[in-house]
$ cat final11.cif   # mmCIF, C-alpha atoms
data_input
loop_
_atom_site.label_atom_id
_atom_site.label_comp_id
_atom_site.auth_asym_id
_atom_site.auth_seq_id
_atom_site.Cartn_x
_atom_site.Cartn_y
_atom_site.Cartn_z
CA MET A 489 3.48 8.06 -17.94
CA THR A 490 4.18 4.62 -16.56
CA SER A 491 5.67 2.11 -18.99
CA GLU A 492 4.00 -1.24 -19.70
CA GLY A 493 6.97 -3.04 -18.10
CA SER A 494 6.58 -0.98 -14.95
CA LYS A 495 2.84 -1.73 -14.84
CA ARG A 496 3.52 -5.44 -15.19
CA ARG A 497 6.17 -5.30 -12.45
CA ASP A 498 3.82 -3.42 -10.09
CA PHE A 499 1.03 -5.91 -10.77
CA LEU A 500 3.32 -8.91 -10.26
CA SER A 501 4.58 -7.39 -7.02
CA LEU A 502 0.99 -6.96 -5.82
CA VAL A 503 0.11 -10.54 -6.77
CA PHE A 504 3.27 -11.90 -5.11
CA LYS A 505 2.48 -10.05 -1.87
CA SER A 506 -1.12 -11.27 -1.99
CA VAL A 507 -0.03 -14.87 -2.58
CA LEU A 508 2.41 -14.77 0.33
CA TYR A 509 -0.18 -13.19 2.62
CA GLY A 510 -2.85 -15.69 1.55
CA ILE A 511 -0.56 -18.65 2.21
CA TRP A 512 0.46 -17.23 5.58
CA LYS A 513 -3.16 -16.54 6.58
CA PHE A 514 -4.41 -20.01 5.58
CA ARG A 515 -1.39 -21.68 7.22
CA ASN A 516 -2.21 -19.87 10.48
CA LYS A 517 -5.83 -20.89 10.16
CA ALA A 518 -4.83 -24.53 9.69
CA THR A 519 -2.26 -24.43 12.50
CA PHE A 520 -4.11 -22.51 15.19
CA HIS A 521 -7.78 -23.06 14.34
CA ASN A 522 -7.81 -26.53 12.77
CA GLY A 523 -8.90 -25.02 9.47
CA LYS A 524 -9.01 -27.24 6.42
CA GLU A 525 -9.31 -25.11 3.32
CA SER A 526 -9.08 -26.26 -0.27
CA ASP A 527 -6.68 -24.96 -2.91
CA GLN A 528 -9.67 -23.31 -4.59
CA ALA A 529 -10.45 -21.37 -1.39
CA ILE A 530 -6.91 -20.01 -1.23
CA THR A 531 -7.02 -19.09 -4.94
CA ARG A 532 -10.39 -17.32 -4.52
CA TYR A 533 -9.02 -15.42 -1.52
CA ILE A 534 -5.93 -14.24 -3.45
CA ILE A 535 -7.96 -13.14 -6.50
CA GLN A 536 -10.39 -11.29 -4.25
CA ASP A 537 -7.50 -9.62 -2.41
CA VAL A 538 -5.87 -8.42 -5.66
CA THR A 539 -9.14 -7.08 -7.08
CA SER A 540 -9.96 -5.35 -3.77
CA ARG A 541 -6.60 -3.58 -3.75
CA ILE A 542 -7.09 -2.39 -7.33
CA LYS A 543 -10.65 -1.25 -6.55
CA LEU A 544 -9.36 0.69 -3.54
CA ASP A 545 -6.81 2.47 -5.74
CA HIS A 546 -9.63 3.21 -8.22
CA PHE A 547 -11.60 4.83 -5.40
CA CYS A 548 -8.67 6.72 -3.81
CA LEU A 549 -6.51 7.85 -6.72
CA PRO A 550 -7.24 10.48 -9.33
CA ALA A 551 -8.36 8.91 -12.64
CA ALA A 552 -5.15 9.79 -14.49
CA LYS A 553 -2.97 8.27 -11.76
CA PHE A 554 -5.11 5.12 -11.59
CA ASP A 555 -5.00 4.76 -15.38
CA SER A 556 -1.22 5.09 -15.42
CA LEU A 557 -0.83 2.43 -12.70
CA TRP A 558 -3.47 -0.20 -13.42
CA VAL A 559 -5.27 0.18 -16.76
CA HIS A 560 -3.93 -2.47 -19.12
CA PRO A 561 -5.82 -4.84 -21.49
CA GLU A 562 -4.60 -7.94 -19.62
CA LEU A 563 -5.10 -6.50 -16.15
CA CYS A 564 -7.89 -3.99 -15.73
CA ARG A 565 -10.19 -1.89 -17.89
CA VAL A 566 -12.48 0.96 -16.89
CA LEU A 567 -15.83 0.97 -18.70
CA SER A 568 -17.69 4.13 -19.65
CA ASN A 569 -19.88 3.80 -16.53
CA ASN A 570 -16.66 3.81 -14.40
CA ARG A 571 -17.02 0.08 -13.69
CA LEU A 572 -13.84 -1.99 -13.45
CA VAL A 573 -13.38 -5.16 -15.52
CA PHE A 574 -10.68 -7.72 -14.72
CA PRO A 575 -9.86 -9.91 -17.75
CA PHE A 576 -7.63 -12.19 -15.63
CA ILE A 577 -10.69 -13.46 -13.74
CA ASN A 578 -12.50 -16.28 -15.52
CA HIS A 579 -16.23 -15.87 -15.15
#
$ encode --input "final11.cif" --output "structure tokens"
Amino acid sequence: MTSEGSKRRDFLSLVFKSVLYGIWKFRNKATFHNGKESDQAITRYIIQDVTSRIKLDHFCLPAAKFDSLWVHPELCRVLSNNRLVFPFINH
């Protein structure tokens, strides 16, 4: 079983990688394609990237493995219909 501290560390690592990639991608867009994106666009991109990675693990991993890695009240919940809910996203 994965500890709560390990889950938090894995999640923070995923977010950190997504933030770095998002900044790099938007910097390249601005530098090489004259892109002018807002801070909100970068934030939306990063949130979408994190949720996509978690959804991919939900699809690829066995349920017990996914639960041990990602299911946490502040991060991700799986509803009875197998739908994912992300409390960190403000709707």
$ atom_distance --input "final11.cif" --atom1 "CA of Lys495 in chain A" --atom2 "CA of Asn569 in chain A"
23.4 Å
$ closest_residue --input "final11.cif" --among "A:Phe499, A:Phe504, A:Tyr533, A:Phe547" --to "Arg571 in chain A" --atoms "all atoms listed in the file"
A:Phe547
$ resolve_selection --input "final11.cif" --expression "the PyMOL selection byres ((chain A and resi 492) around 10)" --output "short mmCIF file (atom, residue, chain, number, x, y, z; two decimals) with C-alpha atoms, in the coordinates of the input"
data_model
loop_
_atom_site.label_atom_id
_atom_site.label_comp_id
_atom_site.auth_asym_id
_atom_site.auth_seq_id
_atom_site.Cartn_x
_atom_site.Cartn_y
_atom_site.Cartn_z
CA MET A 489 3.48 8.06 -17.94
CA THR A 490 4.18 4.62 -16.56
CA SER A 491 5.67 2.11 -18.99
CA GLY A 493 6.97 -3.04 -18.10
CA SER A 494 6.58 -0.98 -14.95
CA LYS A 495 2.84 -1.73 -14.84
CA ARG A 496 3.52 -5.44 -15.19
CA ARG A 497 6.17 -5.30 -12.45
CA ASP A 498 3.82 -3.42 -10.09
CA SER A 556 -1.22 5.09 -15.42
CA LEU A 557 -0.83 2.43 -12.70
CA TRP A 558 -3.47 -0.20 -13.42
CA VAL A 559 -5.27 0.18 -16.76
CA HIS A 560 -3.93 -2.47 -19.12
#
$ atom_distance --input "final11.cif" --atom1 "CA of Ser506 in chain A" --atom2 "CA of Val538 in chain A"
6.6 Å
$ resolve_selection --input "final11.cif" --expression "the PyMOL selection byres ((chain A and resi 514) around 12)" --output "ChimeraX atom specification"
/A:507-513,515-531,533-534
$ atom_distance --input "final11.cif" --atom1 "CA of Leu563 in chain A" --atom2 "CA of Leu500 in chain A"
10.6 Å
$ closest_residue --input "final11.cif" --among "A:Thr539, A:Leu544, A:Pro575, A:Leu549" --to "Pro561 in chain A" --atoms "only C-alpha atoms"
A:Pro575
$ closest_residue --input "final11.cif" --among "A:Ser501, A:Ile542, A:Asp537, A:Arg532" --to "Leu572 in chain A" --atoms "only C-alpha atoms"
A:Ile542
$ closest_residue --input "final11.cif" --among "A:Val503, A:Gln536, A:Pro550, A:Lys543" --to "Arg565 in chain A" --atoms "only C-alpha atoms"
A:Lys543
